Structures are given as C-alpha cells and as structure tokens.
>>> print(open('data_4.cif').read())   # mmCIF, C-alpha atoms
data_run
#
loop_
_atom_site.group_PDB
_atom_site.id
_atom_site.type_symbol
_atom_site.label_atom_id
_atom_site.label_comp_id
_atom_site.auth_asym_id
_atom_site.auth_seq_id
_atom_site.Cartn_x
_atom_site.Cartn_y
_atom_site.Cartn_z
ATOM 1 C CA MET A 221 85.350 24.302 72.046
ATOM 2 C CA ALA A 222 86.949 27.278 70.297
ATOM 3 C CA VAL A 223 90.218 25.362 69.802
ATOM 4 C CA ASN A 224 88.352 22.338 68.384
ATOM 5 C CA ALA A 225 86.347 24.557 66.034
ATOM 6 C CA MET A 226 89.534 26.207 64.773
ATOM 7 C CA SER A 227 91.142 22.794 64.255
ATOM 8 C CA VAL A 228 88.155 21.536 62.283
ATOM 9 C CA ALA A 229 88.106 24.712 60.175
ATOM 10 C CA ARG A 230 91.848 24.395 59.495
ATOM 11 C CA ASN A 231 91.504 20.747 58.462
ATOM 12 C CA THR A 232 88.529 21.549 56.274
ATOM 13 C CA LEU A 233 90.457 24.344 54.546
ATOM 14 C CA THR A 234 93.433 22.016 53.989
ATOM 15 C CA VAL A 235 91.218 19.387 52.377
ATOM 16 C CA PHE A 236 89.509 22.022 50.218
ATOM 17 C CA VAL A 237 92.801 23.485 48.962
ATOM 18 C CA ALA A 238 94.135 19.991 48.231
ATOM 19 C CA ALA A 239 90.988 19.169 46.279
ATOM 20 C CA VAL A 240 91.237 22.366 44.238
ATOM 21 C CA LEU A 241 94.900 21.694 43.450
ATOM 22 C CA ALA A 242 94.159 18.127 42.389
ATOM 23 C CA PHE A 243 91.293 19.359 40.203
ATOM 24 C CA VAL A 244 93.400 21.997 38.479
ATOM 25 C CA PHE A 245 96.423 19.759 37.980
ATOM 26 C CA SER A 246 94.206 17.035 36.496
ATOM 27 C CA ILE A 247 93.067 19.532 33.845
ATOM 28 C CA ARG A 248 96.620 20.524 33.019
ATOM 29 C CA CYS A 249 97.886 16.955 32.855
ATOM 30 C CA CYS A 250 95.335 16.278 30.107
ATOM 31 C CA SER A 251 96.149 19.423 28.155
ATOM 32 C CA ALA A 252 96.911 19.118 24.442
ATOM 33 C CA ARG A 253 100.455 19.799 23.266
ATOM 34 C CA ASP A 254 101.171 23.460 22.676
ATOM 35 C CA ALA A 255 101.922 25.116 19.335
ATOM 36 C CA ALA A 256 102.779 28.588 18.003
ATOM 37 C CA PHE A 257 102.945 30.472 14.727
ATOM 38 C CA SER A 258 106.066 32.387 13.783
ATOM 39 C CA SER A 259 105.485 36.143 13.965
ATOM 40 C CA ASP A 260 105.406 36.373 10.156
ATOM 41 C CA GLY A 261 102.721 33.650 9.994
ATOM 42 C CA GLU A 262 104.745 31.462 7.609
ATOM 43 C CA ARG A 263 105.665 28.627 9.985
ATOM 44 C CA VAL A 264 104.096 26.635 12.815
ATOM 45 C CA TYR A 265 106.044 25.131 15.717
ATOM 46 C CA LEU A 266 104.582 22.233 17.718
ATOM 47 C CA ILE A 267 105.795 20.525 20.875
ATOM 48 C CA SER A 268 106.542 16.873 20.122
ATOM 49 C CA ASP A 269 109.023 14.102 20.937
ATOM 50 C CA ILE A 270 111.272 11.536 19.253
ATOM 51 C CA ASP A 271 111.575 8.277 21.211
ATOM 52 C CA SER A 272 110.439 10.181 24.326
ATOM 53 C CA LYS A 273 113.085 12.896 23.775
ATOM 54 C CA PRO A 274 111.890 16.557 23.756
ATOM 55 C CA THR A 275 111.383 17.821 20.221
ATOM 56 C CA VAL A 276 109.826 20.733 18.337
ATOM 57 C CA GLU A 277 108.237 20.155 14.921
ATOM 58 C CA GLU A 278 108.541 22.960 12.374
ATOM 59 C CA ILE A 279 105.932 23.237 9.601
ATOM 60 C CA ASP A 280 106.778 25.450 6.626
ATOM 61 C CA LEU A 281 103.365 26.479 5.301
ATOM 62 C CA ASN A 282 104.703 27.723 1.968
ATOM 63 C CA LYS A 283 106.750 24.631 1.154
ATOM 64 C CA LYS A 284 104.322 22.221 2.902
ATOM 65 C CA THR A 285 107.206 20.546 4.739
ATOM 66 C CA ILE A 286 107.761 19.381 8.312
ATOM 67 C CA ARG A 287 111.012 18.796 10.168
ATOM 68 C CA LYS A 288 111.824 17.667 13.696
ATOM 69 C CA ILE A 289 114.164 19.739 15.875
ATOM 70 C CA LEU A 290 115.658 17.593 18.654
ATOM 71 C CA LEU A 291 116.309 19.591 21.830
ATOM 72 C CA THR A 292 119.568 17.991 22.918
ATOM 73 C CA GLN A 293 120.044 20.356 25.871
ATOM 74 C CA LEU A 294 117.083 18.821 27.728
ATOM 75 C CA GLU A 295 116.949 15.506 29.516
ATOM 76 C CA SER A 296 114.393 12.982 28.290
ATOM 77 C CA SER A 297 112.409 13.486 31.506
ATOM 78 C CA ASP A 298 112.372 17.296 31.106
ATOM 79 C CA SER A 299 109.575 17.775 28.571
ATOM 80 C CA LEU A 300 108.435 21.060 27.044
ATOM 81 C CA ARG A 301 105.138 22.403 28.399
ATOM 82 C CA GLY A 302 104.594 25.563 26.382
ATOM 83 C CA ILE A 303 105.865 27.487 23.367
ATOM 84 C CA THR A 304 105.124 30.980 22.038
ATOM 85 C CA CYS A 305 106.499 33.493 19.577
ATOM 86 C CA ALA A 306 106.948 37.188 20.310
ATOM 87 C CA ASP A 307 107.771 39.937 17.826
ATOM 88 C CA LYS A 308 110.600 39.486 15.295
ATOM 89 C CA ASN A 309 110.330 35.691 15.505
ATOM 90 C CA ARG A 310 111.622 35.541 19.071
ATOM 91 C CA PHE A 311 110.561 32.167 20.510
ATOM 92 C CA PHE A 312 110.174 31.197 24.155
ATOM 93 C CA CYS A 313 109.471 27.816 25.755
ATOM 94 C CA THR A 314 108.673 26.492 29.209
ATOM 95 C CA THR A 315 109.702 23.368 31.051
ATOM 96 C CA ALA A 316 108.623 22.638 34.617
ATOM 97 C CA LYS A 317 111.579 24.462 36.132
ATOM 98 C CA ALA A 318 112.658 27.081 33.584
ATOM 99 C CA VAL A 319 111.712 29.530 30.845
ATOM 100 C CA TRP A 320 113.939 29.332 27.780
ATOM 101 C CA SER A 321 114.537 31.297 24.610
ATOM 102 C CA PHE A 322 114.564 29.080 21.518
ATOM 103 C CA GLU A 323 116.341 29.400 18.172
ATOM 104 C CA PRO A 324 114.575 27.135 15.640
ATOM 105 C CA GLN A 325 117.368 27.202 13.058
ATOM 106 C CA SER A 326 119.986 25.789 15.433
ATOM 107 C CA GLY A 327 117.645 24.126 17.946
ATOM 108 C CA ARG A 328 119.450 25.933 20.751
ATOM 109 C CA LEU A 329 117.761 26.693 24.062
ATOM 110 C CA THR A 330 118.996 29.425 26.402
ATOM 111 C CA LYS A 331 117.687 29.544 29.959
ATOM 112 C CA ILE A 332 116.350 32.977 30.903
ATOM 113 C CA GLN A 333 114.446 32.309 34.146
ATOM 114 C CA ASP A 334 114.285 29.598 36.808
ATOM 115 C CA ALA A 335 110.934 28.675 38.343
ATOM 116 C CA PRO A 336 110.168 30.037 41.829
ATOM 117 C CA THR A 337 111.060 27.821 44.762
ATOM 118 C CA ASP A 338 108.492 25.026 45.268
ATOM 119 C CA ALA A 339 106.649 26.003 42.071
ATOM 120 C CA SER A 340 106.575 24.904 38.435
ATOM 121 C CA PHE A 341 105.987 26.679 35.155
ATOM 122 C CA TRP A 342 103.185 25.623 32.840
ATOM 123 C CA GLN A 343 102.327 27.359 29.591
ATOM 124 C CA ILE A 344 103.407 30.580 27.937
ATOM 125 C CA ALA A 345 101.640 33.099 25.669
ATOM 126 C CA TYR A 346 102.366 36.366 23.883
ATOM 127 C CA ASN A 347 100.126 39.435 23.969
ATOM 128 C CA PRO A 348 100.728 41.238 20.643
ATOM 129 C CA LYS A 349 98.947 44.413 21.706
ATOM 130 C CA ILE A 350 101.231 45.258 24.623
ATOM 131 C CA GLN A 351 104.113 43.109 23.294
ATOM 132 C CA ARG A 352 104.627 41.123 26.486
ATOM 133 C CA VAL A 353 105.044 37.419 27.256
ATOM 134 C CA PHE A 354 102.947 35.803 30.014
ATOM 135 C CA VAL A 355 103.838 32.589 31.873
ATOM 136 C CA THR A 356 101.528 30.521 34.104
ATOM 137 C CA THR A 357 102.697 28.674 37.221
ATOM 138 C CA ASP A 358 101.213 26.437 39.911
ATOM 139 C CA ASP A 359 102.093 28.989 42.601
ATOM 140 C CA ARG A 360 98.867 30.087 44.314
ATOM 141 C CA GLU A 361 100.329 33.454 45.334
ATOM 142 C CA HIS A 362 101.853 34.222 41.921
ATOM 143 C CA PRO A 363 100.007 32.210 39.240
ATOM 144 C CA VAL A 364 101.133 34.405 36.317
ATOM 145 C CA PHE A 365 104.311 36.332 35.481
ATOM 146 C CA THR A 366 105.131 38.640 32.585
ATOM 147 C CA PHE A 367 108.239 39.941 30.847
ATOM 148 C CA LYS A 368 109.005 42.076 27.817
ATOM 149 C CA ASN A 369 112.679 41.195 27.766
ATOM 150 C CA PRO A 370 114.461 38.439 29.702
ATOM 151 C CA ALA A 371 115.956 40.945 32.155
ATOM 152 C CA GLU A 372 112.582 41.704 33.801
ATOM 153 C CA TRP A 373 110.174 39.420 35.641
ATOM 154 C CA ILE A 374 106.930 40.881 36.999
ATOM 155 C CA PRO A 375 104.108 39.022 38.819
ATOM 156 C CA VAL A 376 100.557 39.515 37.508
ATOM 157 C CA ARG A 377 97.773 39.931 40.042
ATOM 158 C CA MET A 378 94.824 37.526 39.803
ATOM 159 C CA ARG A 379 92.505 37.605 42.804
ATOM 160 C CA ARG A 380 90.498 34.606 44.100
ATOM 161 C CA HIS A 381 90.981 32.442 41.004
ATOM 162 C CA PRO A 382 94.667 31.564 41.067
ATOM 163 C CA TYR A 383 94.969 28.787 38.496
ATOM 164 C CA PRO A 384 94.372 29.965 34.917
ATOM 165 C CA SER A 385 95.532 27.706 32.095
ATOM 166 C CA CYS A 386 95.762 27.732 28.283
ATOM 167 C CA LEU A 387 96.236 31.512 28.039
ATOM 168 C CA ALA A 388 95.455 32.771 24.512
ATOM 169 C CA PHE A 389 95.571 36.392 23.366
ATOM 170 C CA ALA A 390 93.656 37.796 20.426
ATOM 171 C CA ALA A 391 95.313 40.286 18.087
ATOM 172 C CA ASN A 392 93.630 43.177 19.951
ATOM 173 C CA GLY A 393 94.999 41.971 23.303
ATOM 174 C CA GLU A 394 91.804 40.396 24.644
ATOM 175 C CA LEU A 395 92.580 37.405 26.847
ATOM 176 C CA PHE A 396 90.956 33.966 26.823
ATOM 177 C CA PHE A 397 91.844 31.169 29.230
ATOM 178 C CA ALA A 398 90.500 28.091 30.982
ATOM 179 C CA ALA A 399 89.657 27.865 34.686
ATOM 180 C CA TYR A 400 87.852 24.989 36.383
ATOM 181 C CA GLY A 401 87.237 23.575 32.894
ATOM 182 C CA ASP A 402 85.277 26.608 31.674
ATOM 183 C CA LEU A 403 86.166 29.295 29.131
ATOM 184 C CA TRP A 404 86.901 32.796 30.464
ATOM 185 C CA CYS A 405 87.500 36.077 28.638
ATOM 186 C CA GLY A 406 88.891 39.434 29.683
ATOM 187 C CA GLU A 407 92.085 41.428 29.466
ATOM 188 C CA ILE A 408 95.373 42.356 31.095
ATOM 189 C CA GLN A 409 95.045 45.664 32.930
ATOM 190 C CA THR A 410 98.060 47.882 33.516
ATOM 191 C CA ASP A 411 98.791 50.577 36.071
ATOM 192 C CA LYS A 412 101.642 52.433 37.746
ATOM 193 C CA ILE A 413 102.211 51.886 41.468
ATOM 194 C CA GLU A 414 105.017 53.915 43.029
ATOM 195 C CA GLY A 415 106.508 54.366 39.584
ATOM 196 C CA GLN A 416 106.559 50.643 38.837
ATOM 197 C CA ASP A 417 104.532 48.795 36.189
ATOM 198 C CA ASP A 418 101.676 46.794 37.704
ATOM 199 C CA PHE A 419 99.689 44.118 35.851
ATOM 200 C CA SER A 420 96.450 42.366 36.755
ATOM 201 C CA ILE A 421 93.833 40.142 35.111
ATOM 202 C CA ALA A 422 90.218 41.274 34.756
ATOM 203 C CA ALA A 423 88.036 38.502 33.338
ATOM 204 C CA TYR A 424 84.820 36.528 33.736
ATOM 205 C CA ARG A 425 83.482 33.133 32.713
ATOM 206 C CA CYS A 426 81.926 33.482 29.263
ATOM 207 C CA ALA A 427 81.136 29.826 28.469
ATOM 208 C CA PRO A 428 80.360 27.165 31.148
ATOM 209 C CA LEU A 429 81.750 24.221 29.174
ATOM 210 C CA ALA A 430 82.933 21.941 31.993
ATOM 211 C CA THR A 431 80.780 18.834 32.504
ATOM 212 C CA LEU A 432 81.457 18.450 36.236
ATOM 213 C CA GLU A 433 80.378 15.301 38.043
ATOM 214 C CA THR A 434 81.304 12.827 40.767
ATOM 215 C CA GLN A 435 80.635 9.112 41.183
ATOM 216 C CA ASN A 436 82.187 6.097 42.866
ATOM 217 C CA THR A 437 84.023 4.954 39.743
ATOM 218 C CA SER A 438 86.077 7.222 37.502
ATOM 219 C CA PRO A 439 84.257 10.495 36.775
ATOM 220 C CA ALA A 440 84.298 11.340 33.071
ATOM 221 C CA GLU A 441 84.165 15.118 33.379
ATOM 222 C CA ILE A 442 85.300 17.159 30.397
ATOM 223 C CA GLY A 443 86.764 20.668 30.346
ATOM 224 C CA VAL A 444 88.676 23.154 28.189
ATOM 225 C CA ALA A 445 92.262 21.971 27.588
ATOM 226 C CA ASP A 446 93.468 24.109 24.665
ATOM 227 C CA ILE A 447 92.369 27.440 23.142
ATOM 228 C CA GLY A 448 92.955 29.413 19.965
ATOM 229 C CA VAL A 449 91.295 32.754 19.141
ATOM 230 C CA ASN A 450 91.095 34.511 15.787
ATOM 231 C CA ARG A 451 89.017 37.506 14.714
ATOM 232 C CA ASP A 452 85.591 35.896 15.064
ATOM 233 C CA THR A 453 85.992 32.338 16.406
ATOM 234 C CA VAL A 454 87.294 30.512 19.476
ATOM 235 C CA TYR A 455 88.705 27.043 18.772
ATOM 236 C CA LEU A 456 88.722 24.619 21.715
ATOM 237 C CA GLN A 457 89.944 21.190 22.676
ATOM 238 C CA LEU A 458 87.665 19.698 25.345
ATOM 239 C CA SER A 459 89.423 16.872 27.200
ATOM 240 C CA ARG A 460 89.038 14.537 30.159
ATOM 241 C CA MET A 461 89.793 16.266 33.455
ATOM 242 C CA GLY A 462 91.721 13.413 35.065
ATOM 243 C CA GLY A 463 92.203 9.992 33.548
ATOM 244 C CA SER A 464 92.572 9.497 29.821
ATOM 245 C CA GLY A 465 90.442 9.070 26.728
ATOM 246 C CA ASP A 466 87.461 11.104 25.568
ATOM 247 C CA GLY A 467 87.888 14.449 23.909
ATOM 248 C CA TRP A 468 86.147 16.780 21.501
ATOM 249 C CA PHE A 469 87.456 19.459 19.162
ATOM 250 C CA ALA A 470 85.016 22.356 18.963
ATOM 251 C CA ARG A 471 84.523 25.993 18.099
ATOM 252 C CA LEU A 472 82.143 28.791 18.975
ATOM 253 C CA PRO A 473 81.706 32.423 17.914
ATOM 254 C CA ARG A 474 84.132 34.678 19.740
ATOM 255 C CA PRO A 475 82.327 36.287 22.702
ATOM 256 C CA SER A 476 82.226 40.068 22.741
ATOM 257 C CA VAL A 477 83.776 41.570 25.838
ATOM 258 C CA LYS A 478 81.244 44.144 27.020
ATOM 259 C CA ARG A 479 82.635 47.571 27.893
ATOM 260 C CA ASP A 480 81.248 50.708 29.505
ATOM 261 C CA THR A 481 81.234 54.198 28.001
ATOM 262 C CA GLU A 482 84.836 54.729 29.123
ATOM 263 C CA GLY A 483 86.046 51.533 27.503
ATOM 264 C CA GLU A 484 86.444 49.617 30.759
ATOM 265 C CA ILE A 485 85.418 45.958 30.877
ATOM 266 C CA GLU A 486 82.011 45.318 32.466
ATOM 267 C CA MET A 487 81.839 42.296 34.764
ATOM 268 C CA LEU A 488 78.041 41.779 34.516
ATOM 269 C CA TYR A 489 77.509 40.787 38.128
ATOM 270 C CA GLN A 490 73.818 39.956 38.049
ATOM 271 C CA PRO A 491 72.574 36.487 36.978
ATOM 272 C CA LYS A 492 70.076 38.042 34.560
ATOM 273 C CA GLU A 493 73.005 39.713 32.776
ATOM 274 C CA ARG A 494 75.296 36.668 32.736
ATOM 275 C CA LEU A 495 72.779 33.941 31.840
ATOM 276 C CA PRO A 496 72.147 35.158 28.262
ATOM 277 C CA ILE A 497 75.926 35.027 27.666
ATOM 278 C CA TYR A 498 76.065 31.420 28.868
ATOM 279 C CA LEU A 499 73.034 30.388 26.825
ATOM 280 C CA LYS A 500 74.403 31.985 23.658
ATOM 281 C CA ALA A 501 77.776 30.263 24.076
ATOM 282 C CA LEU A 502 76.284 26.824 24.733
ATOM 283 C CA HIS A 503 73.774 27.132 21.901
ATOM 284 C CA SER A 504 76.463 28.143 19.389
ATOM 285 C CA LEU A 505 79.043 25.507 20.401
ATOM 286 C CA GLU A 506 79.875 23.347 17.372
ATOM 287 C CA ILE A 507 81.628 19.985 17.785
ATOM 288 C CA LEU A 508 83.986 19.440 14.832
ATOM 289 C CA GLY A 509 85.154 15.977 15.828
ATOM 290 C CA GLU A 510 85.650 13.484 18.644
ATOM 291 C CA ASP A 511 89.367 12.992 19.299
ATOM 292 C CA SER A 512 91.156 12.838 22.643
ATOM 293 C CA ARG A 513 94.491 13.654 20.954
ATOM 294 C CA ALA A 514 93.334 16.713 19.020
ATOM 295 C CA GLY A 515 94.681 20.166 19.764
ATOM 296 C CA SER A 516 97.990 21.911 19.009
ATOM 297 C CA ILE A 517 95.835 24.975 18.337
ATOM 298 C CA CYS A 518 97.609 28.189 17.424
ATOM 299 C CA VAL A 519 96.633 31.416 15.675
ATOM 300 C CA SER A 520 98.816 33.797 13.691
ATOM 301 C CA GLN A 521 99.428 37.152 15.341
ATOM 302 C CA ASP A 522 97.298 38.978 12.775
ATOM 303 C CA GLY A 523 94.409 36.558 13.396
ATOM 304 C CA THR A 524 94.104 35.424 9.767
ATOM 305 C CA ARG A 525 95.416 31.844 10.150
ATOM 306 C CA VAL A 526 94.579 28.990 12.526
ATOM 307 C CA HIS A 527 96.394 25.663 12.824
ATOM 308 C CA TYR A 528 95.173 22.581 14.656
ATOM 309 C CA VAL A 529 95.528 18.797 14.711
ATOM 310 C CA LEU A 530 92.433 16.592 14.418
ATOM 311 C CA HIS A 531 92.312 12.822 13.802
ATOM 312 C CA GLY A 532 96.096 12.803 13.374
ATOM 313 C CA LYS A 533 95.987 15.332 10.521
ATOM 314 C CA HIS A 534 97.189 18.933 10.361
ATOM 315 C CA TRP A 535 94.597 21.538 9.357
ATOM 316 C CA LEU A 536 94.974 25.180 8.388
ATOM 317 C CA VAL A 537 92.218 27.799 8.397
ATOM 318 C CA THR A 538 92.983 30.901 6.319
ATOM 319 C CA HIS A 539 90.419 33.711 6.269
ATOM 320 C CA GLY A 540 87.737 31.157 7.198
ATOM 321 C CA ARG A 541 88.717 28.571 4.571
ATOM 322 C CA THR A 542 89.820 25.191 5.988
ATOM 323 C CA GLU A 543 92.281 22.869 4.256
ATOM 324 C CA GLU A 544 94.161 19.719 5.225
ATOM 325 C CA LEU A 545 97.932 20.125 5.147
ATOM 326 C CA HIS A 546 99.703 17.355 3.224
ATOM 327 C CA LEU A 547 103.239 17.610 4.534
ATOM 328 C CA ARG A 548 106.475 15.960 3.456
ATOM 329 C CA GLU A 549 109.394 15.281 5.782
ATOM 330 C CA ARG A 550 112.511 17.394 5.520
#
>>> encode(input="data_4.cif", output="structure tokens")
Amino acid sequence: MAVNAMSVARNTLTVFVAAVLAFVFSIRCCSARDAAFSSDGERVYLISDIDSKPTVEEIDLNKKTIRKILLTQLESSDSLRGITCADKNRFFCTTAKAVWSFEPQSGRLTKIQDAPTDASFWQIAYNPKIQRVFVTTDDREHPVFTFKNPAEWIPVRMRRHPYPSCLAFAANGELFFAAYGDLWCGEIQTDKIEGQDDFSIAAYRCAPLATLETQNTSPAEIGVADIGVNRDTVYLQLSRMGGSGDGWFARLPRPSVKRDTEGEIEMLYQPKERLPIYLKALHSLEILGEDSRAGSICVSQDGTRVHYVLHGKHWLVTHGRTEELHLRER
C-alpha cells in the first residue's frame, strides 16, 4: 500500500509539474516582441524580422526615422527573444541558447554566455538603480540570472514561483513582472554570503489580471504578456495564454510598494490587507485598445518616455502626452 501511494503521489506530481510548465510556456509563446530605449532616451530598438530573418528596428525619435538592422550572424530559425540597454548605450539580447552583446551601428552580435544545459533563455532587463542586467530562463532551479559585466554570471533566488516573465524595472529599481498571467511587483534584494554577492526576488501579486478558465474546446484565457513602467503608470499587453488571437493593450496606475519603518518591503499576508490592492488595480484598469499584436512596450531609463505599438502604429508618451510617430524609412 505504501509503495502504491508513493507511486500515485509521484505520478500526480509529474502531471502537475508538466501542467505548470505547459501553462507558463503558453504565456511566453504569446508574448509581444520586446523593445528597449537607448540609455540616452533618443532611440528605440525593437525585435523584428525581414523575410523571417532576425532583425532589430531602430527608431530615431529626433529625426522620426526607422531603419532595419539585419542580424546576419543568426540563423533564420534562431530568433531574438529579448533586448535591453544598460548604461552608456550597452545593448544585450537573448536567443534561446545564448546571451549576446549588440552593437546597433554595425549590427554585430558577440556571444557572452551560453544557456545552461537543458535550459533556454527568455527575456532580459536592466535595473538602472543597481546597474545590473537580469535574464530569465525556463530552468526551474535557476529561473533568473544577473550580471554587471559579461565576466560574471550569478543566479538569483526566487522561491516557490520559479517562472517569472516580462521583467520590467522602474527607474528607482522596483521590479514588475508577470507570473501565471497576473501582474506582480517587488524588488531585487541583495546580501553578502561568505563574501559573495547574493541576489533574490521579493515580490507579491499586485493585480490579478489573468482570466483563467477551462473548457472542452480551446480556453480563451488572457494574461499579462508585456510590461512597461514609468513614474506613475504601468502599461500592459494582455494576450491569449495559448492559441492565438485576442489581446488588449491597457494601463493602470503604478501600484505603490508598501514598506515598513525600516524601508523593507511588506508582503501583506492577510486577505484583508491584499484584497483592497486587488480591487484598486482592477477598478483602475483602463483598456486603450483591442489588438492581439500590440506591445513592444519600453520605457526610457529616466521614466519620462514610453514607446508602444498599437493597431500597427508606433506611439510615444512624453511626460504624459501621447503622440503617434510618423516615421520614414532610412
């Protein structure tokens, strides 16, 4: 009886883990294409393609021009998954099996890190407060890594919720990401363990935006697929979690991360503390448009500019003022 019980428990756990993986990967497969501002806020770089070949589009916001940078070092099947810009206009990109540095002027990619064995990289984001780059993976044991320069590679601890996606850092270092289709907020915490830098994520769900369901057809559940955060607003692309079609571009007031008297983040464990946060987020959610292909959200490092794509058009928000970008090809 004991052996049978253990076998059933093992099989049940295997099915559960497989279901969680399928759920998370379905969210990521529907994610909008990534984008990033240059560190000086004058250009935007978007992941794209030319005839199914990996490409980055460069938008010059002063000249109102756009040009395509063909990434000839990549195979057609090796698409870009993420792009970010660190200080001094240092760009980094991810493909499934590598992290690369990127030089926009020449279009050159230089590999700086291979993916762990039996794992893949996903997206990449820069934290301007602590000046570090963070990379997400599909490795349950090590879902996030960080580096300040290509010579180092440090895992980031994230307990019990191992599959964050769409990492976005505000100018003050606060972290926003998607998990299970919902919006989470928090921060990267740092420590010293035996003289070595140690990094971990402390965060909680701040907006239950996933419309989870199941039925004997094709469930049409929607969840967070792309995030951009400026000083007072969170911009979101809500997309189908599995399958295709359906999507909404939205925004809501940026949640305030509650802190104690010592400045530490408060997790608000009790339902009576968390429910008002959920209600406020849901009540303030504003749908800006229905578009399954919207996204490419990025925010300048100083938080003053936001770029996104909606209905096939490029939009720029500067100090709260929104304008359509009319771009000419270079």
>>> residues_around(input="data_4.cif", residues="Ala514 in chain A", least_positions_apart="4", cutoff="10 Å", atoms="all atoms listed in the file", output="ChimeraX atom specification")
/A:251-253,446,456-459,467-469,509-510,528-534
>>> resolve_selection(input="data_4.cif", expression="the PyMOL selection byres ((chain A and resi 313) around 8)", output="ChimeraX atom specification")
/A:300-304,311-312,314-315,319-322,344
>>> residues_around(input="data_4.cif", residues="range 385-391 of chain A", least_positions_apart="4", cutoff="10 Å", atoms="all atoms listed in the file", output="PyMOL selection string")
chain A and resi 244-245+247-248+251-252+254+302+342-349+354-358+363-364+395-401+403-408+444-452+454+517-524
>>> atom_distance(input="data_4.cif", atom1="CA of Gln351 in chain A", atom2="CA of Leu281 in chain A")
24.5 Å
>>> atom_distance(input="data_4.cif", atom1="CA of Val353 in chain A", atom2="CA of Leu294 in chain A")
22.2 Å
>>> atom_distance(input="data_4.cif", atom1="CA of Val276 in chain A", atom2="CA of Ala470 in chain A")
24.9 Å
>>> closest_residue(input="data_4.cif", among="A:Glu394, A:Glu543, A:Asp334, A:Asp466", to="Ile442 in chain A", atoms="only C-alpha atoms")
A:Asp466
>>> resolve_selection(input="data_4.cif", expression="the PyMOL selection byres ((chain A and resi 262-273) around 8)", output="PyMOL selection string")
chain A and resi 253-261+274-282+290-291+295-297+299-303+516+527
>>> resolve_selection(input="data_4.cif", expression="the PyMOL selection byres ((chain A and resi 427-438) around 6)", output="ChimeraX atom specification")
/A:401-403,425-426,439,441-443,498,501
>>> build_atoms(input="data_4.cif", residues="range 349-362 of chain A", atoms="N, CA and C atoms", output="PDB file, keeping the file's coordinate frame")
ATOM      1  N   LYS A 349      99.328  43.003  21.550  1.00  0.00           N
ATOM      2  CA  LYS A 349      98.947  44.413  21.706  1.00  0.00           C
ATOM      3  C   LYS A 349      99.947  45.159  22.575  1.00  0.00           C
ATOM      4  N   ILE A 350     100.294  44.581  23.713  1.00  0.00           N
ATOM      5  CA  ILE A 350     101.231  45.258  24.623  1.00  0.00           C
ATOM      6  C   ILE A 350     102.634  44.663  24.513  1.00  0.00           C
ATOM      7  N   GLN A 351     102.808  43.699  23.603  1.00  0.00           N
ATOM      8  CA  GLN A 351     104.113  43.109  23.294  1.00  0.00           C
ATOM      9  C   GLN A 351     104.811  42.580  24.545  1.00  0.00           C
ATOM     10  N   ARG A 352     104.066  41.738  25.291  1.00  0.00           N
ATOM     11  CA  ARG A 352     104.627  41.123  26.486  1.00  0.00           C
ATOM     12  C   ARG A 352     104.329  39.629  26.476  1.00  0.00           C
ATOM     13  N   VAL A 353     105.211  38.862  27.112  1.00  0.00           N
ATOM     14  CA  VAL A 353     105.044  37.419  27.256  1.00  0.00           C
ATOM     15  C   VAL A 353     104.493  37.131  28.654  1.00  0.00           C
ATOM     16  N   PHE A 354     103.561  36.176  28.736  1.00  0.00           N
ATOM     17  CA  PHE A 354     102.947  35.803  30.014  1.00  0.00           C
ATOM     18  C   PHE A 354     103.154  34.311  30.261  1.00  0.00           C
ATOM     19  N   VAL A 355     103.528  33.963  31.489  1.00  0.00           N
ATOM     20  CA  VAL A 355     103.838  32.589  31.873  1.00  0.00           C
ATOM     21  C   VAL A 355     102.963  32.187  33.062  1.00  0.00           C
ATOM     22  N   THR A 356     102.336  31.010  32.985  1.00  0.00           N
ATOM     23  CA  THR A 356     101.528  30.521  34.104  1.00  0.00           C
ATOM     24  C   THR A 356     102.352  29.564  34.965  1.00  0.00           C
ATOM     25  N   THR A 357     102.017  29.536  36.265  1.00  0.00           N
ATOM     26  CA  THR A 357     102.697  28.674  37.221  1.00  0.00           C
ATOM     27  C   THR A 357     101.654  27.968  38.087  1.00  0.00           C
ATOM     28  N   ASP A 358     102.117  27.061  38.946  1.00  0.00           N
ATOM     29  CA  ASP A 358     101.213  26.437  39.911  1.00  0.00           C
ATOM     30  C   ASP A 358     101.393  27.038  41.303  1.00  0.00           C
ATOM     31  N   ASP A 359     101.919  28.253  41.347  1.00  0.00           N
ATOM     32  CA  ASP A 359     102.093  28.989  42.601  1.00  0.00           C
ATOM     33  C   ASP A 359     100.809  29.766  42.897  1.00  0.00           C
ATOM     34  N   ARG A 360     100.139  29.441  43.991  1.00  0.00           N
ATOM     35  CA  ARG A 360      98.867  30.087  44.314  1.00  0.00           C
ATOM     36  C   ARG A 360      99.020  31.591  44.509  1.00  0.00           C
ATOM     37  N   GLU A 361     100.123  32.024  45.081  1.00  0.00           N
ATOM     38  CA  GLU A 361     100.329  33.454  45.334  1.00  0.00           C
ATOM     39  C   GLU A 361     100.690  34.216  44.057  1.00  0.00           C
ATOM     40  N   HIS A 362     101.415  33.563  43.161  1.00  0.00           N
ATOM     41  CA  HIS A 362     101.853  34.222  41.921  1.00  0.00           C
ATOM     42  C   HIS A 362     101.602  33.272  40.750  1.00  0.00           C
TER      43      HIS A 362
END
